[in-house]
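The structure appears below as structure tokens.
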Amino acid sequence: MSVACQQMSAFKSCTSWGNDSPFRLVRSNSTNTRNSRSARWASPKAAVIPNFHLPMRSFEVKNRTSTDEIKSLRLITAIKTPYLPDGRFDLEAYDALVNMQIENGADGVIVGGTTGEGQLMSWDEHIMLIGHTINCFGTSIKVIGNTGSNSTREAIHATEQGFAVGMHAALHINPYYGKTSLEGLISHFKCVLPMGPTIIYNVPSRTGQDIPPTVIHSLSSNPNLAGIKECMGHNRIQTYTQTNITTWSGNDDECHDSRWDHGATGVISVASNLVPGLMQELMFEGKNLSLNLKLLPLMKWLFCEPNPIGLNTALAQLGVVRPIFRLPYVPLPLEKRVEFVEIVKGIGRENFIGEKDVQVLDDDEFILVGRY
């Protein structure tokens with residue numbers, strides 16, 4: 001009997017017990033299987049069916065990348081997804097944004113992350129954008145698809161699809177809202193790690209649950225664990241770097257010190273959407289306190305409201321994307337839009353992407369799209 005048939009038989013065996021029961025029952029290993037009293041409850045761990053991935057398998061990839069290649073990336077930009085007036089992707093503007101990242105020395109892009117508003121995409125849109133990025137730019141920059149989910153089933157399926165269309169690595173968040181136990185976290189990540197290079201993302205301010213070092217250390221022996229994007233500060237980062245676990249800062253305003261004082265490999269950055277050249281210098285050219293100090297007002301401004309509200313507003317005022325927001329995101333208020341213009345002047349317009357003059361947009365110049 002084939003492995004797939006054996007697995008399907010196992011599913012039928014598990015589900016043949018009462019449909020109304022909240023538990024899954026498996027039959028005892030006893031040879032006396034005729035007696036229904038030999039049935040026993042088994043823990044979820046014991047009842048787990050071995051993974052099999054349908055319809056796409058993790059080895060069906062276009063651009064197999066080693067985990068070590070992902071570990072070497074220093075500047076990874078969480079790329080913005082721009083929109084057309086009807087809310088569809090503006091691929092022309094998107095391509096221009098990615099090109100500017102390549103020209104200014106970024107090593108990789110996160111596609112469909114929080115900054116790229118993957119949470120507002122259908123999975124079809126999500127995988128299409130990953131595939132588009134690979135097809136257009138995959139030989140020039142590493143493409144890391146955000147295929148994480150709070151549903152393990154969705155995370156598995158999206159990651160299979162992401163690697164099938166050629167992404168170089170996956171970004172995975174811990175299950176949010178419907179939080180699980182520490183054992184559940186480990187089991188969740190173990191389901192997706194076999195498919196290819198993986199970065200785990202810890203951002204408790206969004207998920208409501210910290211991924212403690214014990215979880216990461218328990219997964220660290222997996223050859224596909226590229227590292228962790230860590231938002232819990234310098235001390236947490238140093239906990240990992242001291243045990244040779246690759247770590248990227250998830251906080252722009254801390255990334256300089258994390259990189260040069262606490263051993264971080266680099267940063268997964270929002271600010272590099274705007275000033276990729278300066279962020280490349282910050283990550284590659286050695287300790288530079290004056291440059292870091294110069295960029296801090298921009299970094300603080302970007303997060304005065306939840307990301308990506310500030311970035312979307314900034315890119316629109318720089319004239320590199322249309323001023324279109326998918327709801328529930330809305331532009332920053334007028335006083336913050338004025339403040340951004342002053343920040344650009346202080347850092348120097350030549351250090352920002354695009355060629356148009358920065359301007360203050362009026363409220364009625366923004367388009368908010370609720371159905372797309």
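Residues are named by chain letter and number: chains run A, B, ... in the order of the structure tokens, numbers start at 1 in each chain, and ligands are numbered from 1 in the order shown.
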
Contacts of stretch 93-130 of chain A with stretch 317-341 of chain A up to 10 Å, shortest pair per row, only C-alpha atoms, as CSV:
residue,atom,partner,partner_atom,distance
A:Ala93,CA,A:Val321,CA,6.2
A:Tyr94,CA,A:Val321,CA,8.3
A:Ala96,CA,A:Val320,CA,8.4
A:Leu97,CA,A:Val320,CA,7.9
A:Glu117,CA,A:Arg326,CA,8.8
A:Leu120,CA,A:Arg326,CA,7.6
A:Met121,CA,A:Arg326,CA,9.9

Write out the residues from the selection above, keeping all heavy atoms, as a compact mmCIF listing (two decimals), in the first residue's frame.
# COMPACT_ATOMS: atom_id res chain seq x y z
N ALA A 93 4.39 50.71 -10.54
CA ALA A 93 4.99 51.42 -9.41
C ALA A 93 5.75 50.45 -8.51
O ALA A 93 6.83 50.77 -7.98
CB ALA A 93 3.90 52.14 -8.61
N TYR A 94 5.21 49.25 -8.33
CA TYR A 94 5.88 48.23 -7.51
C TYR A 94 7.24 47.88 -8.08
O TYR A 94 8.24 47.81 -7.36
CB TYR A 94 4.99 46.99 -7.43
CG TYR A 94 5.60 45.83 -6.66
CD1 TYR A 94 5.55 45.78 -5.27
CD2 TYR A 94 6.23 44.79 -7.34
CE1 TYR A 94 6.12 44.72 -4.57
CE2 TYR A 94 6.79 43.72 -6.65
CZ TYR A 94 6.73 43.69 -5.27
OH TYR A 94 7.29 42.64 -4.58
N ALA A 96 9.12 49.66 -9.95
CA ALA A 96 10.03 50.79 -9.76
C ALA A 96 10.58 50.80 -8.33
O ALA A 96 11.77 51.07 -8.11
CB ALA A 96 9.32 52.10 -10.07
N LEU A 97 9.73 50.50 -7.35
CA LEU A 97 10.19 50.46 -5.96
C LEU A 97 11.24 49.38 -5.76
O LEU A 97 12.27 49.60 -5.10
CB LEU A 97 9.00 50.20 -5.02
CG LEU A 97 7.95 51.30 -4.88
CD1 LEU A 97 6.83 50.83 -3.95
CD2 LEU A 97 8.55 52.60 -4.37
N GLU A 117 1.35 44.89 3.35
CA GLU A 117 -0.09 44.71 3.53
C GLU A 117 -0.58 43.34 3.05
O GLU A 117 -1.67 43.21 2.49
CB GLU A 117 -0.87 45.84 2.85
CG GLU A 117 -0.50 47.21 3.43
CD GLU A 117 -1.24 48.37 2.79
OE1 GLU A 117 -2.31 48.16 2.21
OE2 GLU A 117 -0.73 49.50 2.90
N LEU A 120 -4.03 42.35 3.93
CA LEU A 120 -5.17 42.86 3.17
C LEU A 120 -5.29 42.19 1.80
O LEU A 120 -6.09 42.61 0.97
CB LEU A 120 -5.04 44.38 2.98
CG LEU A 120 -4.92 45.22 4.25
CD1 LEU A 120 -4.94 46.70 3.91
CD2 LEU A 120 -6.01 44.88 5.25
N MET A 121 -4.47 41.16 1.57
CA MET A 121 -4.48 40.47 0.28
C MET A 121 -5.22 39.14 0.38
O MET A 121 -5.20 38.48 1.43
CB MET A 121 -3.04 40.16 -0.18
CG MET A 121 -2.16 41.37 -0.44
SD MET A 121 -0.50 40.80 -0.90
CE MET A 121 0.39 42.37 -0.87

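Note that atom CA of A:Gln209 and atom CA of A:Lys179 are 7.2 Å apart.
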
**Message:** Could you pull out the alpha helix (DSSP H) residues of stretch 165-248 of chain A, going by DSSP on the backbone, and write them as an NGL selection string?
**Reply:** :A and (182-192 or 204-207 or 213-219 or 234-241)

Could you give me, as a Markdown table, every stretch 149-206 of chain A residue with an atom at most 7 Å from stretch 225-246 of chain A, plus its closest atom pair and distance in Å to one decimal, counting only C-alpha atoms, rows ordered by chain then number?
| residue | atom | partner | partner_atom | distance |
| --- | --- | --- | --- | --- |
| A:Leu193 | CA | A:Leu225 | CA | 6.8 |
| A:Pro197 | CA | A:Ala226 | CA | 5.8 |
| A:Thr198 | CA | A:Leu225 | CA | 5.1 |
| A:Ile199 | CA | A:Gly227 | CA | 5.1 |
| A:Ile200 | CA | A:Ile228 | CA | 4.7 |
| A:Tyr201 | CA | A:Lys229 | CA | 4.7 |
| A:Asn202 | CA | A:Glu230 | CA | 5.2 |
| A:Val203 | CA | A:Cys231 | CA | 5.4 |

Write out as a tab-separated table a residue-level contact list of stretch 101-213 of chain A versus stretch 268-271 of chain A with cut-off 9 Å: for each qualifying residue the closest pair of atoms and the distance in Å to one decimal, counting only C-alpha atoms, rows sorted by chain and residue number upward.
residue	atom	partner	partner_atom	distance
A:Gly108	CA	A:Ile268	CA	8.9
A:Val109	CA	A:Ile268	CA	8.5
A:Ile110	CA	A:Ile268	CA	8.1
A:Thr115	CA	A:Val270	CA	7.0

Please produce a file of the residues just selected, as a PDB file, in the first residue's frame, where the atoms kept are N, CA and C atoms.
ATOM      1  N   GLY A 108      17.695  41.980  -0.003  1.00  0.00           N
ATOM      2  CA  GLY A 108      16.485  41.188  -0.136  1.00  0.00           C
ATOM      3  C   GLY A 108      15.254  42.035   0.085  1.00  0.00           C
ATOM      4  N   VAL A 109      14.110  41.467  -0.275  1.00  0.00           N
ATOM      5  CA  VAL A 109      12.819  42.120  -0.009  1.00  0.00           C
ATOM      6  C   VAL A 109      11.875  41.102   0.611  1.00  0.00           C
ATOM      7  N   ILE A 110      11.080  41.562   1.560  1.00  0.00           N
ATOM      8  CA  ILE A 110       9.960  40.789   2.080  1.00  0.00           C
ATOM      9  C   ILE A 110       8.733  41.171   1.272  1.00  0.00           C
ATOM     10  N   THR A 115       4.249  45.426   6.229  1.00  0.00           N
ATOM     11  CA  THR A 115       4.487  46.668   5.499  1.00  0.00           C
ATOM     12  C   THR A 115       3.896  46.605   4.103  1.00  0.00           C
TER      13      THR A 115
END

**Request:** Can you work out which one of A:Leu311, A:Asn104, A:Asn174, A:Asp68 has the shortest atom-to-atom distance to A:Pro223, counting only C-alpha atoms?
**Result:** A:Asp68

**Asked** If you measure from atom CA of A:His168 to atom CA of A:Trp260, what distance in Å do you get, rounded to one decimal?
**Response** 26.6 Å

**Asked** Which of these residues is nearest to A:Pro82, using only C-alpha atoms: A:Ala316, A:Ala169, A:Leu298, A:Ile141?
**Response** A:Ala316

**Prompt:** Near A:Trp123, within 9 Å and counting only C-alpha atoms, which residues show up once chain neighbours fewer than 5 positions away are dropped, as a VMD selection string?
**Reply:** chain A and resid 118 128 147 158

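For the pair atom CA of A:Leu368 and atom CA of A:Ile309, the interatomic distance is 12.3 Å.
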
Near A:Asn150, within 12 Å and counting only C-alpha atoms, which residues show up once chain neighbours fewer than 5 positions away are dropped, as a compact mmCIF listing (two decimals) with N, CA, C and O atoms, in the first residue's frame?
# COMPACT_ATOMS: atom_id res chain seq x y z
N GLN A 119 -1.74 41.25 4.90
CA GLN A 119 -2.96 41.00 5.67
C GLN A 119 -4.20 41.50 4.96
O GLN A 119 -5.33 41.13 5.33
N ALA A 155 -0.70 28.20 6.42
CA ALA A 155 0.75 28.44 6.34
C ALA A 155 1.43 27.38 5.48
O ALA A 155 2.31 27.69 4.67
N ILE A 156 1.04 26.13 5.66
CA ILE A 156 1.62 25.04 4.87
C ILE A 156 1.32 25.25 3.39
O ILE A 156 2.21 25.21 2.53
N ALA A 158 0.28 27.95 1.70
CA ALA A 158 0.85 29.16 1.11
C ALA A 158 2.36 29.01 0.92
O ALA A 158 2.91 29.49 -0.09
N HIS A 172 7.82 33.51 8.55
CA HIS A 172 6.70 32.92 9.29
C HIS A 172 6.53 33.58 10.65
O HIS A 172 7.47 33.65 11.45
N ILE A 173 5.32 34.04 10.88
CA ILE A 173 4.94 34.60 12.17
C ILE A 173 4.33 33.50 13.04
O ILE A 173 3.91 32.45 12.52
N ASN A 174 4.31 33.72 14.34
CA ASN A 174 3.62 32.76 15.21
C ASN A 174 2.11 32.99 15.14
O ASN A 174 1.65 34.11 14.84
N PRO A 175 1.31 31.95 15.37
CA PRO A 175 -0.14 32.11 15.30
C PRO A 175 -0.63 33.23 16.24
O PRO A 175 -0.36 33.21 17.44
N TYR A 176 -1.34 34.18 15.67
CA TYR A 176 -1.81 35.35 16.40
C TYR A 176 -3.30 35.22 16.70
O TYR A 176 -4.01 34.42 16.10
N TYR A 177 -3.79 36.02 17.59
CA TYR A 177 -5.19 36.08 18.02
C TYR A 177 -5.62 34.77 18.66
O TYR A 177 -5.79 34.68 19.86
N GLY A 178 -5.76 33.73 17.86
CA GLY A 178 -6.06 32.42 18.43
C GLY A 178 -4.76 31.76 18.86
O GLY A 178 -4.29 30.82 18.24
N LYS A 179 -4.17 32.28 19.93
CA LYS A 179 -2.82 31.88 20.33
C LYS A 179 -2.78 30.43 20.78
O LYS A 179 -3.79 29.85 21.19
N THR A 180 -1.59 29.85 20.69
CA THR A 180 -1.41 28.47 21.09
C THR A 180 -0.36 28.37 22.20
O THR A 180 0.18 29.38 22.65
N GLY A 184 2.60 24.06 20.94
CA GLY A 184 1.89 24.33 19.69
C GLY A 184 2.71 25.18 18.74
O GLY A 184 2.69 24.96 17.52
N LEU A 185 3.44 26.16 19.29
CA LEU A 185 4.32 26.98 18.45
C LEU A 185 5.37 26.12 17.76
O LEU A 185 5.61 26.24 16.55
N HIS A 188 3.80 24.03 15.06
CA HIS A 188 3.43 24.87 13.92
C HIS A 188 4.64 25.12 13.03
O HIS A 188 4.58 24.91 11.80
N PHE A 189 5.75 25.56 13.63
CA PHE A 189 6.93 25.87 12.83
C PHE A 189 7.55 24.61 12.21
O PHE A 189 8.07 24.66 11.10
N THR A 207 1.19 40.21 17.48
CA THR A 207 0.61 38.88 17.65
C THR A 207 -0.03 38.67 19.00
O THR A 207 -0.87 37.79 19.18
N GLY A 208 0.42 39.45 20.00
CA GLY A 208 -0.08 39.27 21.36
C GLY A 208 0.62 38.13 22.09
O GLY A 208 0.22 37.78 23.21
N GLN A 209 1.67 37.57 21.50
CA GLN A 209 2.39 36.47 22.14
C GLN A 209 3.86 36.52 21.75
O GLN A 209 4.20 36.56 20.56

**Request:** Excluding stretch 275-282 of chain A and any residue of its chain fewer than 5 positions from it, enumerate the residues within 12 Å of it, using only C-alpha atoms, and give them as number ranges by chain.
**Result:** A: 73-79, 97-109, 252-260, 266-270, 287-296, 298-299, 311, 314-315, 318, 344, 347-354

Per DSSP on the backbone, what are the strand (DSSP E) residues of stretch 126-265 of chain A, as a CSV table (one decimal) with all heavy atoms, in the first residue's frame?
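The resulting file, states_28.csv, is shown below:
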chain,number,residue,atom,x,y,z
A,142,LYS,N,17.2,38.8,-3.3
A,142,LYS,CA,16.6,37.7,-2.7
A,142,LYS,C,15.1,38.0,-2.3
A,142,LYS,O,14.9,39.1,-1.8
A,142,LYS,CB,17.3,37.2,-1.4
A,142,LYS,CG,18.7,36.7,-1.6
A,142,LYS,CD,18.7,35.5,-2.6
A,142,LYS,CE,20.0,34.9,-2.8
A,142,LYS,NZ,20.1,33.9,-3.9
A,143,VAL,N,14.2,37.1,-2.7
A,143,VAL,CA,12.8,37.4,-2.5
A,143,VAL,C,12.3,36.4,-1.4
A,143,VAL,O,12.3,35.2,-1.5
A,143,VAL,CB,12.0,37.1,-3.8
A,143,VAL,CG1,10.5,37.3,-3.6
A,143,VAL,CG2,12.5,38.0,-4.9
A,144,ILE,N,11.8,37.0,-0.3
A,144,ILE,CA,11.4,36.3,0.9
A,144,ILE,C,9.9,36.5,1.0
A,144,ILE,O,9.4,37.7,1.1
A,144,ILE,CB,12.1,36.8,2.1
A,144,ILE,CG1,13.6,36.6,2.0
A,144,ILE,CG2,11.6,36.0,3.4
A,144,ILE,CD1,14.4,37.4,3.0
A,145,GLY,N,9.1,35.5,0.8
A,145,GLY,CA,7.6,35.6,0.8
A,145,GLY,C,7.1,35.5,2.2
A,145,GLY,O,7.5,34.5,2.9
A,146,ASN,N,6.2,36.4,2.6
A,146,ASN,CA,5.5,36.2,3.9
A,146,ASN,C,4.4,35.3,3.7
A,146,ASN,O,3.3,35.6,3.2
A,146,ASN,CB,5.0,37.6,4.4
A,146,ASN,CG,4.1,37.4,5.6
A,146,ASN,OD1,4.3,36.5,6.4
A,146,ASN,ND2,3.1,38.3,5.7
A,169,ALA,N,13.0,32.2,0.2
A,169,ALA,CA,12.8,31.9,1.6
A,169,ALA,C,11.4,32.3,2.0
A,169,ALA,O,10.8,33.1,1.3
A,169,ALA,CB,13.9,32.6,2.5
A,170,ALA,N,11.0,31.8,3.1
A,170,ALA,CA,9.7,32.1,3.7
A,170,ALA,C,9.9,32.9,5.0
A,170,ALA,O,10.8,32.7,5.8
A,170,ALA,CB,8.9,30.9,3.9
A,171,LEU,N,8.9,33.8,5.3
A,171,LEU,CA,8.8,34.5,6.6
A,171,LEU,C,7.6,33.9,7.3
A,171,LEU,O,6.5,33.9,6.7
A,171,LEU,CB,8.7,36.0,6.4
A,171,LEU,CG,8.6,36.8,7.7
A,171,LEU,CD1,10.0,36.9,8.4
A,171,LEU,CD2,8.2,38.3,7.3
A,172,HIS,N,7.8,33.5,8.5
A,172,HIS,CA,6.7,32.9,9.3
A,172,HIS,C,6.5,33.6,10.7
A,172,HIS,O,7.5,33.6,11.5
A,172,HIS,CB,6.9,31.4,9.5
A,172,HIS,CG,6.5,30.6,8.3
A,172,HIS,ND1,5.2,30.3,8.0
A,172,HIS,CD2,7.2,30.1,7.3
A,172,HIS,CE1,5.1,29.7,6.9
A,172,HIS,NE2,6.4,29.5,6.4
A,173,ILE,N,5.3,34.0,10.9
A,173,ILE,CA,4.9,34.6,12.2
A,173,ILE,C,4.3,33.5,13.0
A,173,ILE,O,3.9,32.5,12.5
A,173,ILE,CB,3.9,35.8,12.0
A,173,ILE,CG1,3.9,36.7,13.2
A,173,ILE,CG2,2.6,35.2,11.6
A,173,ILE,CD1,3.5,38.1,12.8
A,198,THR,N,13.8,29.4,6.1
A,198,THR,CA,12.7,30.1,6.8
A,198,THR,C,13.3,31.1,7.8
A,198,THR,O,14.2,30.8,8.6
A,198,THR,CB,11.9,29.0,7.6
A,198,THR,OG1,11.3,28.1,6.6
A,198,THR,CG2,10.8,29.6,8.4
A,199,ILE,N,12.7,32.3,7.9
A,199,ILE,CA,12.9,33.2,8.9
A,199,ILE,C,11.7,33.3,9.8
A,199,ILE,O,10.5,33.5,9.3
A,199,ILE,CB,13.2,34.6,8.3
A,199,ILE,CG1,14.4,34.6,7.4
A,199,ILE,CG2,13.3,35.7,9.4
A,199,ILE,CD1,14.7,35.9,6.7
A,200,ILE,N,11.8,33.1,11.1
A,200,ILE,CA,10.7,33.2,12.0
A,200,ILE,C,10.7,34.7,12.5
A,200,ILE,O,11.7,35.3,12.8
A,200,ILE,CB,10.9,32.3,13.2
A,200,ILE,CG1,10.8,30.8,12.7
A,200,ILE,CG2,9.9,32.5,14.3
A,200,ILE,CD1,11.0,29.8,13.7
A,201,TYR,N,9.5,35.2,12.6
A,201,TYR,CA,9.3,36.6,12.9
A,201,TYR,C,8.6,36.7,14.3
A,201,TYR,O,7.5,36.2,14.5
A,201,TYR,CB,8.4,37.2,11.8
A,201,TYR,CG,8.0,38.7,12.0
A,201,TYR,CD1,8.7,39.6,12.8
A,201,TYR,CD2,7.0,39.2,11.2
A,201,TYR,CE1,8.4,40.9,12.9
A,201,TYR,CE2,6.7,40.6,11.3
A,201,TYR,CZ,7.4,41.4,12.1
A,201,TYR,OH,7.1,42.7,12.2
A,202,ASN,N,9.3,37.4,15.2
A,202,ASN,CA,8.7,37.6,16.6
A,202,ASN,C,8.4,39.1,16.8
A,202,ASN,O,9.3,39.9,16.9
A,202,ASN,CB,9.7,37.2,17.6
A,202,ASN,CG,9.1,37.2,19.0
A,202,ASN,OD1,7.9,37.0,19.2
A,202,ASN,ND2,9.9,37.6,20.0
A,225,LEU,N,16.2,26.5,9.2
A,225,LEU,CA,16.0,27.7,10.0
A,225,LEU,C,17.1,28.7,9.7
A,225,LEU,O,18.3,28.6,10.1
A,225,LEU,CB,16.0,27.4,11.5
A,225,LEU,CG,15.8,28.7,12.4
A,225,LEU,CD1,14.4,29.3,12.1
A,225,LEU,CD2,15.9,28.3,13.9
A,226,ALA,N,16.8,29.8,8.9
A,226,ALA,CA,17.8,30.8,8.5
A,226,ALA,C,18.0,31.7,9.7
A,226,ALA,O,19.2,32.2,9.9
A,226,ALA,CB,17.3,31.6,7.3
A,227,GLY,N,17.0,32.0,10.5
A,227,GLY,CA,17.2,32.9,11.6
A,227,GLY,C,15.9,33.5,12.1
A,227,GLY,O,14.8,33.0,11.7
A,228,ILE,N,16.0,34.5,12.8
A,228,ILE,CA,14.8,35.2,13.4
A,228,ILE,C,14.8,36.7,13.2
A,228,ILE,O,15.8,37.3,13.4
A,228,ILE,CB,14.6,34.8,14.9
A,228,ILE,CG1,13.3,35.4,15.5
A,228,ILE,CG2,15.8,35.2,15.7
A,228,ILE,CD1,12.9,34.8,16.9
A,229,LYS,N,13.7,37.2,12.9
A,229,LYS,CA,13.5,38.7,12.9
A,229,LYS,C,12.9,39.0,14.3
A,229,LYS,O,11.8,38.6,14.6
A,229,LYS,CB,12.5,39.1,11.8
A,229,LYS,CG,12.2,40.6,11.8
A,229,LYS,CD,11.1,41.0,10.8
A,229,LYS,CE,10.7,42.4,10.9
A,229,LYS,NZ,9.7,42.8,10.0
A,230,GLU,N,13.7,39.7,15.0
A,230,GLU,CA,13.4,39.9,16.5
A,230,GLU,C,13.1,41.3,16.8
A,230,GLU,O,13.9,42.2,16.5
A,230,GLU,CB,14.6,39.4,17.3
A,230,GLU,CG,14.4,39.5,18.8
A,230,GLU,CD,13.1,38.7,19.3
A,230,GLU,OE1,13.2,37.5,19.2
A,230,GLU,OE2,12.1,39.4,19.6
A,247,THR,N,20.2,36.6,13.5
A,247,THR,CA,19.1,37.4,13.9
A,247,THR,C,19.2,38.7,13.2
A,247,THR,O,20.2,39.3,13.0
A,247,THR,CB,19.3,37.7,15.4
A,247,THR,OG1,19.5,36.5,16.1
A,247,THR,CG2,18.0,38.4,16.0
A,248,TRP,N,18.0,39.2,12.8
A,248,TRP,CA,17.8,40.5,12.2
A,248,TRP,C,17.0,41.4,13.1
A,248,TRP,O,16.0,40.9,13.7
A,248,TRP,CB,17.1,40.4,10.8
A,248,TRP,CG,17.9,39.7,9.8
A,248,TRP,CD1,18.7,40.3,8.9
A,248,TRP,CD2,17.8,38.3,9.4
A,248,TRP,NE1,19.2,39.3,8.0
A,248,TRP,CE2,18.7,38.1,8.4
A,248,TRP,CE3,17.2,37.2,10.0
A,248,TRP,CZ2,18.9,36.9,7.8
A,248,TRP,CZ3,17.4,36.0,9.4
A,248,TRP,CH2,18.3,35.8,8.4
A,249,SER,N,17.4,42.6,13.3
A,249,SER,CA,16.6,43.5,14.1
A,249,SER,C,15.3,43.8,13.3
A,249,SER,O,15.3,44.0,12.1
A,249,SER,CB,17.3,44.8,14.3
A,249,SER,OG,16.5,45.8,14.9
